[in-house]
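A.B. asks: Please see the structure below; I have some questions.
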Amino acid sequence: MFRIGVDGYALLVHRGPMPPMYEEYRKRAVLAEEFDLSAPDGEPSFVAIGTANEWPALIVGQRFNPSGGFNPGVLLVPETKILFVGAGERILAYQLDGPSRLWEDTAEAGLAK
């Protein structure tokens, strides 16, 4: 798992099985979203974000498809407090004040590297 600090935010990003602290992150998050974690196909990924030195307020755990040749990606726009998460065909946007999901969309061919 990678921890990335950006403009007062701490972003945790992981590809593969849910991290050992996943349940604790989920319990402490203001918004915890899960997508297809029990699906038989695809690959899991985990994204969490919060203010530095605090438990993440938002976590997203998902199994994404297609996973071969496609890496999950995140884009944080600190000025607008918006986080974009893309994995496989799913694209999500979150307002970090709150936090709340703004929208969900799809990329039919999947997100390229």
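Identifiers for the structure tokens are assigned positionally: chains receive A, B, ... in sequence, residues are indexed from 1 per chain, and ligands are indexed from 1 in the order shown.
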Considering only C-alpha atoms, return as a PyMOL selection string whatever protein or nucleic-acid residues lie within 12 Å of segment 77-85 of chain A, sequence-local ones (same chain, fewer than 3 positions apart) excluded.
C.D. replies: chain A and resi 5-11+13+33+45-51+58-62+64+71-74+88-106+111
A.B. asks: Given the selection you just returned, output its residues as a file containing N, CA and C atoms, formatted as a tab-separated table (two decimals), in the first residue's frame.
C.D. replies:
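Result file is part-v9.tsv:
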```
chain	number	residue	atom	x	y	z
A	5	GLY	N	0.96	12.01	0.44
A	5	GLY	CA	0.49	13.26	1.04
A	5	GLY	C	0.38	14.35	-0.02
A	6	VAL	N	-0.79	15.00	-0.07
A	6	VAL	CA	-1.02	16.06	-1.04
A	6	VAL	C	-1.84	17.16	-0.37
A	7	ASP	N	-1.25	18.33	-0.21
A	7	ASP	CA	-1.97	19.52	0.23
A	7	ASP	C	-2.85	19.28	1.46
A	8	GLY	N	-2.29	18.62	2.47
A	8	GLY	CA	-3.01	18.38	3.71
A	8	GLY	C	-3.84	17.10	3.73
A	9	TYR	N	-3.89	16.38	2.62
A	9	TYR	CA	-4.61	15.11	2.54
A	9	TYR	C	-3.63	13.95	2.62
A	10	ALA	N	-4.08	12.84	3.16
A	10	ALA	CA	-3.34	11.57	3.13
A	10	ALA	C	-4.15	10.61	2.30
A	11	LEU	N	-3.56	10.12	1.23
A	11	LEU	CA	-4.22	9.22	0.29
A	11	LEU	C	-3.55	7.86	0.40
A	13	VAL	N	-3.47	4.03	-1.24
A	13	VAL	CA	-3.82	3.34	-2.48
A	13	VAL	C	-3.21	1.95	-2.45
A	33	GLU	N	-17.54	2.82	0.77
A	33	GLU	CA	-18.26	2.23	-0.35
A	33	GLU	C	-17.54	0.98	-0.83
A	45	SER	N	-9.09	-3.58	-5.36
A	45	SER	CA	-8.28	-2.39	-5.10
A	45	SER	C	-8.91	-1.61	-3.95
A	46	PHE	N	-8.12	-0.77	-3.35
A	46	PHE	CA	-8.51	-0.03	-2.16
A	46	PHE	C	-7.99	1.39	-2.28
A	47	VAL	N	-8.85	2.36	-2.03
A	47	VAL	CA	-8.47	3.77	-2.00
A	47	VAL	C	-9.08	4.37	-0.74
A	48	ALA	N	-8.30	5.13	0.00
A	48	ALA	CA	-8.80	5.82	1.19
A	48	ALA	C	-8.19	7.21	1.23
A	49	ILE	N	-8.96	8.17	1.73
A	49	ILE	CA	-8.44	9.53	1.82
A	49	ILE	C	-9.03	10.23	3.03
A	50	GLY	N	-8.22	11.05	3.65
A	50	GLY	CA	-8.64	11.88	4.77
A	50	GLY	C	-7.60	12.96	4.98
A	51	THR	N	-7.81	13.76	5.98
A	51	THR	CA	-6.81	14.77	6.28
A	51	THR	C	-5.60	14.09	6.92
A	58	LEU	N	-13.03	8.74	3.83
A	58	LEU	CA	-13.63	8.06	2.69
A	58	LEU	C	-12.79	6.85	2.34
A	59	ILE	N	-13.45	5.70	2.18
A	59	ILE	CA	-12.76	4.53	1.64
A	59	ILE	C	-13.59	3.95	0.50
A	60	VAL	N	-12.89	3.42	-0.48
A	60	VAL	CA	-13.53	2.75	-1.60
A	60	VAL	C	-12.82	1.42	-1.80
A	61	GLY	N	-13.53	0.34	-1.55
A	61	GLY	CA	-13.02	-1.00	-1.80
A	61	GLY	C	-13.79	-1.57	-2.97
A	62	GLN	N	-13.08	-2.09	-3.96
A	62	GLN	CA	-13.79	-2.62	-5.12
A	62	GLN	C	-12.99	-3.71	-5.81
A	64	PHE	N	-12.41	-4.82	-9.64
A	64	PHE	CA	-12.60	-4.19	-10.94
A	64	PHE	C	-12.26	-5.12	-12.08
A	71	ASN	N	-4.66	-0.51	-14.89
A	71	ASN	CA	-4.34	-0.17	-13.50
A	71	ASN	C	-5.36	0.83	-12.97
A	72	PRO	N	-5.74	0.69	-11.70
A	72	PRO	CA	-6.60	1.71	-11.10
A	72	PRO	C	-5.87	3.05	-11.07
A	73	GLY	N	-6.64	4.12	-11.02
A	73	GLY	CA	-6.04	5.45	-10.96
A	73	GLY	C	-6.86	6.37	-10.09
A	74	VAL	N	-6.21	7.37	-9.51
A	74	VAL	CA	-6.90	8.39	-8.72
A	74	VAL	C	-6.40	9.76	-9.16
A	88	GLY	N	-10.86	-0.40	-13.75
A	88	GLY	CA	-11.60	-1.19	-14.73
A	88	GLY	C	-12.49	-0.30	-15.55
A	89	GLU	N	-13.78	-0.58	-15.53
A	89	GLU	CA	-14.74	0.22	-16.28
A	89	GLU	C	-15.43	1.28	-15.41
A	90	ARG	N	-15.23	1.26	-14.10
A	90	ARG	CA	-15.94	2.15	-13.18
A	90	ARG	C	-15.15	3.44	-12.94
A	91	ILE	N	-15.85	4.56	-13.04
A	91	ILE	CA	-15.27	5.88	-12.70
A	91	ILE	C	-16.17	6.51	-11.65
A	92	LEU	N	-15.56	6.96	-10.56
A	92	LEU	CA	-16.29	7.55	-9.44
A	92	LEU	C	-15.75	8.95	-9.16
A	93	ALA	N	-16.62	9.84	-8.71
A	93	ALA	CA	-16.19	11.17	-8.29
A	93	ALA	C	-16.78	11.44	-6.91
A	94	TYR	N	-15.95	11.98	-6.02
A	94	TYR	CA	-16.36	12.24	-4.64
A	94	TYR	C	-16.05	13.68	-4.24
A	95	GLN	N	-16.98	14.29	-3.56
A	95	GLN	CA	-16.74	15.57	-2.88
A	95	GLN	C	-16.17	15.21	-1.52
A	96	LEU	N	-15.01	15.75	-1.18
A	96	LEU	CA	-14.36	15.36	0.06
A	96	LEU	C	-14.92	16.06	1.29
A	97	ASP	N	-15.60	17.20	1.09
A	97	ASP	CA	-16.32	17.80	2.22
A	97	ASP	C	-17.52	16.93	2.49
A	98	GLY	N	-17.57	16.32	3.60
A	98	GLY	CA	-18.69	15.43	3.91
A	98	GLY	C	-18.21	14.06	4.33
A	99	PRO	N	-17.67	13.24	3.49
A	99	PRO	CA	-17.62	13.22	2.03
A	99	PRO	C	-18.92	12.64	1.44
A	100	SER	N	-19.07	12.80	0.12
A	100	SER	CA	-20.23	12.24	-0.57
A	100	SER	C	-19.85	11.91	-2.01
A	101	ARG	N	-20.54	10.92	-2.57
A	101	ARG	CA	-20.30	10.58	-3.97
A	101	ARG	C	-21.04	11.58	-4.84
A	102	LEU	N	-20.36	12.13	-5.83
A	102	LEU	CA	-20.97	13.06	-6.77
A	102	LEU	C	-21.62	12.31	-7.93
A	103	TRP	N	-20.90	11.34	-8.48
A	103	TRP	CA	-21.43	10.57	-9.59
A	103	TRP	C	-20.62	9.29	-9.81
A	104	GLU	N	-21.23	8.40	-10.62
A	104	GLU	CA	-20.58	7.17	-11.06
A	104	GLU	C	-20.82	7.06	-12.55
A	105	ASP	N	-19.79	6.63	-13.28
A	105	ASP	CA	-19.91	6.47	-14.73
A	105	ASP	C	-19.09	5.25	-15.13
A	106	THR	N	-19.12	4.94	-16.41
A	106	THR	CA	-18.34	3.81	-16.91
A	106	THR	C	-17.52	4.21	-18.12
A	111	LEU	N	-10.20	1.64	-18.20
A	111	LEU	CA	-9.23	2.73	-18.09
A	111	LEU	C	-7.86	2.20	-18.51
```
A.B. asks: Looking at only C-alpha atoms, which of A:Ala39, A:Ala107, A:Trp55, A:Glu34 is the one that sits closest to Met21 of chain A?
C.D. replies: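 For Met21 of chain A, the nearest of the candidates is A:Trp55.
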A.B. asks: Using only C-alpha atoms, find the one residue out of A:Glu43, A:Phe35, A:Phe70, A:Tyr25 that sits nearest to Leu12 of chain A.
C.D. replies: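 Among A:Glu43, A:Phe35, A:Phe70, A:Tyr25, it is A:Tyr25 that comes nearest to Leu12 of chain A.
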A.B. asks: For the structure I just gave you, how does DSSP split chain A - specifically, which residues are alpha helix (DSSP H)? Reply as a PDB file with N, CA and C atoms, in the first residue's frame.
C.D. replies:
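Just written: selection-v1.pdb:
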```pdb
ATOM      1  N   TYR A  22      -8.317  -3.168   6.686  1.00  0.00           N
ATOM      2  CA  TYR A  22      -9.498  -2.763   5.921  1.00  0.00           C
ATOM      3  C   TYR A  22     -10.742  -2.602   6.796  1.00  0.00           C
ATOM      4  N   GLU A  23     -11.036  -3.587   7.621  1.00  0.00           N
ATOM      5  CA  GLU A  23     -12.247  -3.517   8.458  1.00  0.00           C
ATOM      6  C   GLU A  23     -12.191  -2.332   9.416  1.00  0.00           C
ATOM      7  N   GLU A  24     -11.024  -2.045   9.945  1.00  0.00           N
ATOM      8  CA  GLU A  24     -10.886  -0.889  10.855  1.00  0.00           C
ATOM      9  C   GLU A  24     -11.077   0.419  10.093  1.00  0.00           C
ATOM     10  N   TYR A  25     -10.486   0.526   8.910  1.00  0.00           N
ATOM     11  CA  TYR A  25     -10.714   1.707   8.075  1.00  0.00           C
ATOM     12  C   TYR A  25     -12.206   1.872   7.774  1.00  0.00           C
ATOM     13  N   ARG A  26     -12.859   0.763   7.426  1.00  0.00           N
ATOM     14  CA  ARG A  26     -14.282   0.791   7.062  1.00  0.00           C
ATOM     15  C   ARG A  26     -15.136   1.259   8.239  1.00  0.00           C
ATOM     16  N   LYS A  27     -14.843   0.761   9.422  1.00  0.00           N
ATOM     17  CA  LYS A  27     -15.624   1.143  10.609  1.00  0.00           C
ATOM     18  C   LYS A  27     -15.466   2.614  10.957  1.00  0.00           C
ATOM     19  N   ARG A  28     -14.290   3.154  10.752  1.00  0.00           N
ATOM     20  CA  ARG A  28     -14.000   4.531  11.168  1.00  0.00           C
ATOM     21  C   ARG A  28     -14.319   5.581  10.096  1.00  0.00           C
TER      22      ARG A  28
END
```
A.B. asks: Could you jot down the atom CA of Val30 of chain A to atom CA of Pro66 of chain A separation for me, Å, one decimal place?
C.D. replies: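 Between atom CA of Val30 of chain A and atom CA of Pro66 of chain A the gap is 28.8 Å.
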